[in-house]
Amino acid sequence: VWQNCLKIIRDSISEQSYKTWFEPIIPGKLEGKKLTIQVPSQFFYEWLEENYVHLLRKALDYAIGREGMLEYSIIVDSGNQKKNEPPIAVNMPQHNSPVNNRLENKIVNEQVKNPFEMRDLDSLNLDSFLNPNYTFDNFVEGDCNRLARAAGFAVASKPGVTSFNPLMIYGGVGLGKTHLVQAIGNFMKNKAVNKFVLYVSSEKFTSQFINAIRNNSLQDFMTFYMQVDILIIDDVQFLSGKEKTQETFFHIFNHLHQSGKQIVMTSDRPPRELEGVEDRLLSRFKWGLTADLQTPDFETRIAIIQKKAHAEGIDIAYEVIEYLAHSIDTNVRELEGVMISLLAQASLTRRDIDVELAKNTLRHLIKDSEREVTIDTIIEAVTEHFKVRIPDLKGKSRLREIVLPRQIAMYLAKELTNLSLKSIGYHFGGRDHSTVIHAIQTVNDLMDTDKDISGAVNKLLKLFRK
Ligand code: ADP
Ligand code: MG
């Protein structure tokens, strides 16, 4: 009977819609004039009801007759076992679908950034929107990203099969989230020829959704997303406060997850800190594995710089690499930015890349963005205040007039930057971290006992903290 229904249906709708919405249906038993069909999710059922009710009626008329009725049951996929939930709906009530109609005014406020390209949805050779330059091979591994990378690799090797579904990668800006999830996508794509891998930013997802509403093409939008085998959605924090978009994402998520498809997400913060995201969606995020990306440690920074330099085909002296790794501890993007400027500087001025050039570049960049305090600006301020020379401060002198400013500069570096003790020591003539600890303790003690010194230190702190 169902086969007869399908005949009618197939002739009435596009191949794509047929594949998405009717092929996954498993026919069940026929009792009298009542046919049971199994659908993959609650949302799937609602979607059929909303969009294909007339078509289904027509098909039933043809296959069973006017009294033909349809009953849905939802396949629940827990683990690998499929078991049936009790049937949930009888016949075909005309009701409002949850996705349609009740669009709040709010939706108008959801900013559209990229104009929606129909091409995205129509395209037959489905574009994954992956940047082939982001691979596992050029993603440097370190303590800061070991778990996330391993989980990503496991997922890429066995999409939808591991318990890491969804895989949620979170971490601050420039720490490699996009790189890592694109690497997963590229890996899968190179391997699984007939799997549809899709990378989409949450911004793009939102604007596609809004445009779909505007253009009355929600059908195409949903059909498109239901076909995805591996959905990579970047920066989900962007969905916060966008209720309708979240609701739609929730349905897509459920459907894909229940169908054993892989979902990979990123966020700039852990799920529990995502405000303005519905609880039911957040609880879904926690079904799989959440792994974070941390700021890279010194060794990883060295490795990243070396790898990038190698990729650019340039030679940078280890001395310079060390200087950069000791000076930029925020994120990888920053590190890359400095390297690019450095290369540009070197080729423009036809100079070799040495520590001096690196220092200038860095100072220049920092000034431009008026952001963080660098250790060099601290050293400059301290030497100016105490009327000592920089080489002395970094040198071996044990004179109190030198030692005290040196210790104060170290103390300020600890207070005002995120640099490790090791990196601070490096900037003071390669002193070791215990010397830095001692300096910090000494200044701490003096702050309590010596008014002049505490006055001077506070003045310098204020200077940088304004
Ligand atoms: P996010 O998405 O977290 O803001 P990106 O993935 O865009 O960060 O990373 C910023 C830049 O840093 C990219 O060019 C990326 O290739 C590079 N990058 C980040 N982490 C690594 C790493 N572990 N190894 C190599 N390059 C990295
Ligand atoms: Mg990113």
# chains A, B, ... in the order shown; residues from 1 in each chain; ligands from 1
call {"tool": "select_by_dssp", "arguments": {"residues": "region 167-376 of chain A", "states": "helix (DSSP H, G or I)", "output": "ChimeraX atom specification"}}
result
/A:177-191,202-214,218-226,236-239,243-258,271-273,279-285,298-311,318-327,332-349,355-369,375-376
call {"tool": "residues_around", "arguments": {"residues": "Ile8 (chain A)", "least_positions_apart": "2", "cutoff": "10 Å", "atoms": "only C-alpha atoms", "output": "list of chain:residue names"}}
result
A:Gln3, A:Asn4, A:Cys5, A:Leu6, A:Arg10, A:Asp11, A:Ser12, A:Ile13, A:Leu55, A:Leu56, A:Lys58, A:Ala59, A:Leu60, A:Tyr62, A:Ala63
call {"tool": "write_last_selection", "arguments": {"atoms": "C-alpha atoms", "output": "PDB file, in the first residue's frame"}}
result
ATOM      1  CA  GLN A   3       4.499   1.693  -2.332  1.00  0.00           C
ATOM      2  CA  ASN A   4       1.363   2.821  -4.097  1.00  0.00           C
ATOM      3  CA  CYS A   5       1.327   5.972  -2.031  1.00  0.00           C
ATOM      4  CA  LEU A   6       4.926   6.630  -2.926  1.00  0.00           C
ATOM      5  CA  ARG A  10       7.153  10.779  -6.241  1.00  0.00           C
ATOM      6  CA  ASP A  11       5.364  12.188  -9.240  1.00  0.00           C
ATOM      7  CA  SER A  12       4.253  15.281  -7.395  1.00  0.00           C
ATOM      8  CA  ILE A  13       7.376  16.637  -5.790  1.00  0.00           C
ATOM      9  CA  LEU A  55      -0.251  15.174  -0.916  1.00  0.00           C
ATOM     10  CA  LEU A  56      -0.527  12.425   1.657  1.00  0.00           C
ATOM     11  CA  LYS A  58      -4.173  12.308  -2.250  1.00  0.00           C
ATOM     12  CA  ALA A  59      -1.861   9.332  -1.972  1.00  0.00           C
ATOM     13  CA  LEU A  60      -4.086   7.647   0.589  1.00  0.00           C
ATOM     14  CA  TYR A  62      -5.406   6.521  -4.348  1.00  0.00           C
ATOM     15  CA  ALA A  63      -3.947   3.623  -2.384  1.00  0.00           C
TER      16      ALA A  63
END
call {"tool": "closest_atom_pairs", "arguments": {"of": "chain A", "to": "ligand 1", "cutoff": "6 Å", "atoms": "only C-alpha atoms and all ligand atoms", "output": "JSON lines"}}
result
{"residue": "A:Asn138", "atom": "CA", "partner": "ligand 1", "partner_atom_place_in_ligand_line": "25 (C)", "distance": 5.6}
{"residue": "A:Phe139", "atom": "CA", "partner": "ligand 1", "partner_atom_place_in_ligand_line": "24 (N)", "distance": 3.6}
{"residue": "A:Val140", "atom": "CA", "partner": "ligand 1", "partner_atom_place_in_ligand_line": "24 (N)", "distance": 3.6}
{"residue": "A:Glu141", "atom": "CA", "partner": "ligand 1", "partner_atom_place_in_ligand_line": "23 (N)", "distance": 5.6}
{"residue": "A:Val173", "atom": "CA", "partner": "ligand 1", "partner_atom_place_in_ligand_line": "4 (O)", "distance": 3.9}
{"residue": "A:Gly174", "atom": "CA", "partner": "ligand 1", "partner_atom_place_in_ligand_line": "4 (O)", "distance": 3.4}
{"residue": "A:Leu175", "atom": "CA", "partner": "ligand 1", "partner_atom_place_in_ligand_line": "3 (O)", "distance": 4.0}
{"residue": "A:Gly176", "atom": "CA", "partner": "ligand 1", "partner_atom_place_in_ligand_line": "6 (O)", "distance": 3.1}
{"residue": "A:Lys177", "atom": "CA", "partner": "ligand 1", "partner_atom_place_in_ligand_line": "3 (O)", "distance": 3.7}
{"residue": "A:Thr178", "atom": "CA", "partner": "ligand 1", "partner_atom_place_in_ligand_line": "6 (O)", "distance": 3.6}
{"residue": "A:His179", "atom": "CA", "partner": "ligand 1", "partner_atom_place_in_ligand_line": "6 (O)", "distance": 3.7}
{"residue": "A:Ile304", "atom": "CA", "partner": "ligand 1", "partner_atom_place_in_ligand_line": "25 (C)", "distance": 5.4}
{"residue": "A:Val332", "atom": "CA", "partner": "ligand 1", "partner_atom_place_in_ligand_line": "12 (O)", "distance": 4.4}
{"residue": "A:Arg333", "atom": "CA", "partner": "ligand 1", "partner_atom_place_in_ligand_line": "11 (C)", "distance": 4.2}
call {"tool": "write_last_selection", "arguments": {"atoms": "C-alpha atoms", "output": "PDB file, in the first residue's frame"}}
result
ATOM      1  CA  ASN A 138      48.908  21.637  10.090  1.00  0.00           C
ATOM      2  CA  PHE A 139      47.103  21.833  13.411  1.00  0.00           C
ATOM      3  CA  VAL A 140      49.861  21.803  15.988  1.00  0.00           C
ATOM      4  CA  GLU A 141      49.133  19.596  18.934  1.00  0.00           C
ATOM      5  CA  VAL A 173      38.995  33.826  20.149  1.00  0.00           C
ATOM      6  CA  GLY A 174      41.874  32.780  17.909  1.00  0.00           C
ATOM      7  CA  LEU A 175      42.574  29.511  19.687  1.00  0.00           C
ATOM      8  CA  GLY A 176      41.848  27.282  16.698  1.00  0.00           C
ATOM      9  CA  LYS A 177      38.168  26.330  16.915  1.00  0.00           C
ATOM     10  CA  THR A 178      37.416  27.021  13.281  1.00  0.00           C
ATOM     11  CA  HIS A 179      40.657  25.410  12.189  1.00  0.00           C
ATOM     12  CA  ILE A 304      53.220  26.847  15.821  1.00  0.00           C
ATOM     13  CA  VAL A 332      47.356  31.916  17.806  1.00  0.00           C
ATOM     14  CA  ARG A 333      45.702  34.436  15.548  1.00  0.00           C
TER      15      ARG A 333
END
call {"tool": "closest_residue", "arguments": {"among": "A:Ala346, A:Phe44, A:Arg301, A:Thr36", "to": "Gly68 (chain A)", "atoms": "only C-alpha atoms"}}
result
A:Thr36
call {"tool": "closest_atom_pairs", "arguments": {"of": "chain A", "to": "ligand 2", "cutoff": "12 Å", "atoms": "only C-alpha atoms and all ligand atoms", "output": "Markdown table"}}
result
| residue | atom | partner | partner_atom_place_in_ligand_line | distance |
| --- | --- | --- | --- | --- |
| A:Tyr134 | CA | ligand 2 | 1 (Mg) | 11.7 |
| A:Ile169 | CA | ligand 2 | 1 (Mg) | 10.7 |
| A:Tyr170 | CA | ligand 2 | 1 (Mg) | 10.0 |
| A:Gly171 | CA | ligand 2 | 1 (Mg) | 9.6 |
| A:Gly172 | CA | ligand 2 | 1 (Mg) | 9.1 |
| A:Val173 | CA | ligand 2 | 1 (Mg) | 6.9 |
| A:Gly174 | CA | ligand 2 | 1 (Mg) | 6.8 |
| A:Leu175 | CA | ligand 2 | 1 (Mg) | 8.2 |
| A:Gly176 | CA | ligand 2 | 1 (Mg) | 6.9 |
| A:Lys177 | CA | ligand 2 | 1 (Mg) | 5.4 |
| A:Thr178 | CA | ligand 2 | 1 (Mg) | 4.1 |
| A:His179 | CA | ligand 2 | 1 (Mg) | 7.3 |
| A:Leu180 | CA | ligand 2 | 1 (Mg) | 9.3 |
| A:Val181 | CA | ligand 2 | 1 (Mg) | 9.2 |
| A:Gln182 | CA | ligand 2 | 1 (Mg) | 9.8 |
| A:Tyr199 | CA | ligand 2 | 1 (Mg) | 11.7 |
| A:Val200 | CA | ligand 2 | 1 (Mg) | 11.0 |
| A:Ser201 | CA | ligand 2 | 1 (Mg) | 8.6 |
| A:Ser202 | CA | ligand 2 | 1 (Mg) | 10.6 |
| A:Glu203 | CA | ligand 2 | 1 (Mg) | 11.5 |
| A:Ile232 | CA | ligand 2 | 1 (Mg) | 11.9 |
| A:Ile233 | CA | ligand 2 | 1 (Mg) | 10.4 |
| A:Asp234 | CA | ligand 2 | 1 (Mg) | 6.7 |
| A:Asp235 | CA | ligand 2 | 1 (Mg) | 6.7 |
| A:Val236 | CA | ligand 2 | 1 (Mg) | 10.4 |
| A:Gln237 | CA | ligand 2 | 1 (Mg) | 11.3 |
| A:Phe238 | CA | ligand 2 | 1 (Mg) | 11.5 |
| A:Met265 | CA | ligand 2 | 1 (Mg) | 10.9 |
| A:Thr266 | CA | ligand 2 | 1 (Mg) | 8.0 |
| A:Ser267 | CA | ligand 2 | 1 (Mg) | 8.6 |
| A:Asp268 | CA | ligand 2 | 1 (Mg) | 8.5 |
| A:Leu293 | CA | ligand 2 | 1 (Mg) | 11.9 |
| A:Val332 | CA | ligand 2 | 1 (Mg) | 11.5 |
| A:Arg333 | CA | ligand 2 | 1 (Mg) | 10.1 |
call {"tool": "residues_around", "arguments": {"residues": "region 323-327 of chain A", "least_positions_apart": "4", "cutoff": "7 Å", "atoms": "only C-alpha atoms", "output": "list of chain:residue names"}}
result
A:Phe298, A:Arg301, A:Ile302, A:Glu319, A:Val355, A:Ser423
call {"tool": "write_last_selection", "arguments": {"atoms": "N, CA and C atoms", "output": "compact mmCIF listing (two decimals), in the first residue's frame"}}
result
# COMPACT_ATOMS: atom_id res chain seq x y z
N PHE A 298 54.10 27.79 26.07
CA PHE A 298 55.30 28.26 25.38
C PHE A 298 55.79 27.30 24.30
N ARG A 301 53.60 27.29 21.35
CA ARG A 301 53.75 28.53 20.57
C ARG A 301 54.97 28.44 19.67
N ILE A 302 56.05 27.93 20.22
CA ILE A 302 57.27 27.74 19.41
C ILE A 302 56.95 26.86 18.21
N GLU A 319 66.30 32.45 17.71
CA GLU A 319 66.30 33.58 18.64
C GLU A 319 65.02 34.42 18.49
N VAL A 355 65.76 39.97 16.11
CA VAL A 355 64.98 40.29 17.30
C VAL A 355 64.60 41.77 17.33
N SER A 423 58.74 33.20 30.97
CA SER A 423 58.83 34.22 29.93
C SER A 423 59.29 35.56 30.49
call {"tool": "closest_residue", "arguments": {"among": "A:Gln227, A:Met188, A:Glu401, A:Asp376", "to": "Pro24 (chain A)", "atoms": "only C-alpha atoms"}}
result
A:Gln227
call {"tool": "residues_around", "arguments": {"residues": "region 288-292 of chain A", "least_positions_apart": "4", "cutoff": "8 Å", "atoms": "only C-alpha atoms", "output": "mmCIF file with N, CA and C atoms, in the first residue's frame"}}
result
data_model
loop_
_atom_site.group_PDB
_atom_site.id
_atom_site.type_symbol
_atom_site.label_atom_id
_atom_site.label_comp_id
_atom_site.auth_asym_id
_atom_site.auth_seq_id
_atom_site.Cartn_x
_atom_site.Cartn_y
_atom_site.Cartn_z
ATOM 1 N N ASN A 145 45.439 21.685 23.593
ATOM 2 C CA ASN A 145 44.362 21.267 22.684
ATOM 3 C C ASN A 145 44.269 19.756 22.498
ATOM 4 N N LEU A 147 42.941 17.100 24.071
ATOM 5 C CA LEU A 147 41.662 16.390 24.134
ATOM 6 C C LEU A 147 40.771 16.767 22.950
ATOM 7 N N ALA A 148 40.683 18.057 22.695
ATOM 8 C CA ALA A 148 39.816 18.525 21.611
ATOM 9 C C ALA A 148 40.266 17.935 20.277
ATOM 10 N N ALA A 151 39.482 14.162 20.182
ATOM 11 C CA ALA A 151 38.047 13.938 19.988
ATOM 12 C C ALA A 151 37.665 14.265 18.547
ATOM 13 N N SER A 163 30.575 8.085 20.765
ATOM 14 C CA SER A 163 29.618 8.730 21.657
ATOM 15 C C SER A 163 29.844 10.246 21.683
ATOM 16 N N PHE A 164 30.794 10.714 20.880
ATOM 17 C CA PHE A 164 31.054 12.159 20.835
ATOM 18 C C PHE A 164 30.090 12.845 19.873
ATOM 19 N N ASN A 165 28.813 12.689 20.145
ATOM 20 C CA ASN A 165 27.841 13.296 19.249
ATOM 21 C C ASN A 165 26.731 13.952 20.058
ATOM 22 N N PRO A 166 26.634 15.238 20.061
ATOM 23 C CA PRO A 166 27.467 16.160 19.298
ATOM 24 C C PRO A 166 28.848 16.332 19.937
ATOM 25 N N LEU A 167 29.778 16.785 19.125
ATOM 26 C CA LEU A 167 31.072 17.199 19.663
ATOM 27 C C LEU A 167 31.042 18.715 19.761
ATOM 28 N N MET A 168 31.293 19.195 20.952
ATOM 29 C CA MET A 168 31.275 20.645 21.163
ATOM 30 C C MET A 168 32.677 21.097 21.542
ATOM 31 N N ILE A 169 33.242 21.980 20.725
ATOM 32 C CA ILE A 169 34.573 22.520 21.003
ATOM 33 C C ILE A 169 34.404 23.962 21.440
ATOM 34 N N TYR A 170 34.942 24.298 22.606
ATOM 35 C CA TYR A 170 34.840 25.701 22.974
ATOM 36 C C TYR A 170 36.188 26.281 23.375
ATOM 37 N N GLY A 171 36.290 27.582 23.266
ATOM 38 C CA GLY A 171 37.538 28.246 23.614
ATOM 39 C C GLY A 171 37.500 29.690 23.122
ATOM 40 N N PRO A 270 31.930 27.836 27.452
ATOM 41 C CA PRO A 270 31.325 26.531 27.729
ATOM 42 C C PRO A 270 29.801 26.624 27.673
#
call {"tool": "residues_around", "arguments": {"residues": "region 431-445 of chain A", "least_positions_apart": "4", "cutoff": "12 Å", "atoms": "only C-alpha atoms", "output": "number ranges by chain"}}
result
A: 393-396, 403-415, 419-427, 449-458
call {"tool": "write_last_selection", "arguments": {"atoms": "C-alpha atoms", "output": "short mmCIF file (atom, residue, chain, number, x, y, z; two decimals), in the first residue's frame"}}
result
data_model
loop_
_atom_site.label_atom_id
_atom_site.label_comp_id
_atom_site.auth_asym_id
_atom_site.auth_seq_id
_atom_site.Cartn_x
_atom_site.Cartn_y
_atom_site.Cartn_z
CA LEU A 393 68.26 46.44 34.03
CA LYS A 394 68.70 43.33 31.93
CA GLY A 395 72.35 42.90 32.85
CA LYS A 396 74.18 41.31 35.70
CA VAL A 403 68.37 45.47 41.40
CA LEU A 404 65.34 47.20 42.86
CA PRO A 405 64.02 48.65 39.56
CA ARG A 406 64.68 45.27 37.97
CA GLN A 407 62.60 43.55 40.65
CA ILE A 408 59.86 46.11 40.36
CA ALA A 409 59.74 45.67 36.59
CA MET A 410 59.38 41.91 37.07
CA TYR A 411 56.65 42.46 39.61
CA LEU A 412 54.78 44.75 37.22
CA ALA A 413 55.16 42.25 34.40
CA LYS A 414 53.53 39.62 36.58
CA GLU A 415 50.74 41.97 37.57
CA LEU A 419 53.30 36.05 30.79
CA SER A 420 54.62 33.04 32.65
CA LEU A 421 57.45 33.39 35.15
CA LYS A 422 59.68 31.70 32.63
CA SER A 423 58.83 34.22 29.93
CA ILE A 424 59.31 37.13 32.29
CA GLY A 425 62.74 35.81 33.25
CA TYR A 426 63.59 35.57 29.57
CA HIS A 427 62.98 39.27 29.06
CA THR A 449 57.02 48.30 54.70
CA ASP A 450 58.39 51.01 52.44
CA LYS A 451 56.17 53.97 51.63
CA ASP A 452 58.39 55.34 48.86
CA ILE A 453 58.48 52.07 47.05
CA SER A 454 54.80 51.33 47.40
CA GLY A 455 54.12 54.86 46.13
CA ALA A 456 56.31 54.34 43.10
CA VAL A 457 54.89 50.94 42.28
CA ASN A 458 51.32 52.12 42.61
#
call {"tool": "atom_distance", "arguments": {"atom1": "CA of Val277 (chain A)", "atom2": "CA of Ile210 (chain A)"}}
result
17.9 Å
call {"tool": "residues_around", "arguments": {"residues": "Ile26 (chain A)", "least_positions_apart": "3", "cutoff": "7 Å", "atoms": "only C-alpha atoms", "output": "list in words"}}
result
Ile37, Gln38 and Val39 of chain A
call {"tool": "residues_around", "arguments": {"residues": "region 220-223 of chain A", "least_positions_apart": "3", "cutoff": "8 Å", "atoms": "only C-alpha atoms", "output": "list in words"}}
result
Gln16, Ser17, Thr20, Trp21, Leu121, Gln208, Phe209, Ala212, Ser217, Met226, Gln227 and Ile252 of chain A
call {"tool": "decode", "arguments": {"residues": "region 261-277 of chain A", "atoms": "C-alpha atoms", "output": "PDB file, in the first residue's frame"}}
result
ATOM      1  CA  LYS A 261      24.334  11.854  11.702  1.00  0.00           C
ATOM      2  CA  GLN A 262      27.304  13.652  13.194  1.00  0.00           C
ATOM      3  CA  ILE A 263      27.037  17.140  14.625  1.00  0.00           C
ATOM      4  CA  VAL A 264      30.058  19.252  15.484  1.00  0.00           C
ATOM      5  CA  MET A 265      29.739  22.642  17.125  1.00  0.00           C
ATOM      6  CA  THR A 266      31.960  25.388  18.432  1.00  0.00           C
ATOM      7  CA  SER A 267      31.357  28.095  20.940  1.00  0.00           C
ATOM      8  CA  ASP A 268      33.454  30.819  22.478  1.00  0.00           C
ATOM      9  CA  ARG A 269      32.392  29.716  25.975  1.00  0.00           C
ATOM     10  CA  PRO A 270      31.325  26.531  27.729  1.00  0.00           C
ATOM     11  CA  PRO A 271      27.691  25.538  27.159  1.00  0.00           C
ATOM     12  CA  ARG A 272      26.707  26.334  30.726  1.00  0.00           C
ATOM     13  CA  GLU A 273      27.706  29.951  30.166  1.00  0.00           C
ATOM     14  CA  LEU A 274      25.723  30.388  26.978  1.00  0.00           C
ATOM     15  CA  GLU A 275      23.094  32.880  27.919  1.00  0.00           C
ATOM     16  CA  GLY A 276      19.981  33.345  25.870  1.00  0.00           C
ATOM     17  CA  VAL A 277      20.109  29.789  24.622  1.00  0.00           C
TER      18      VAL A 277
END
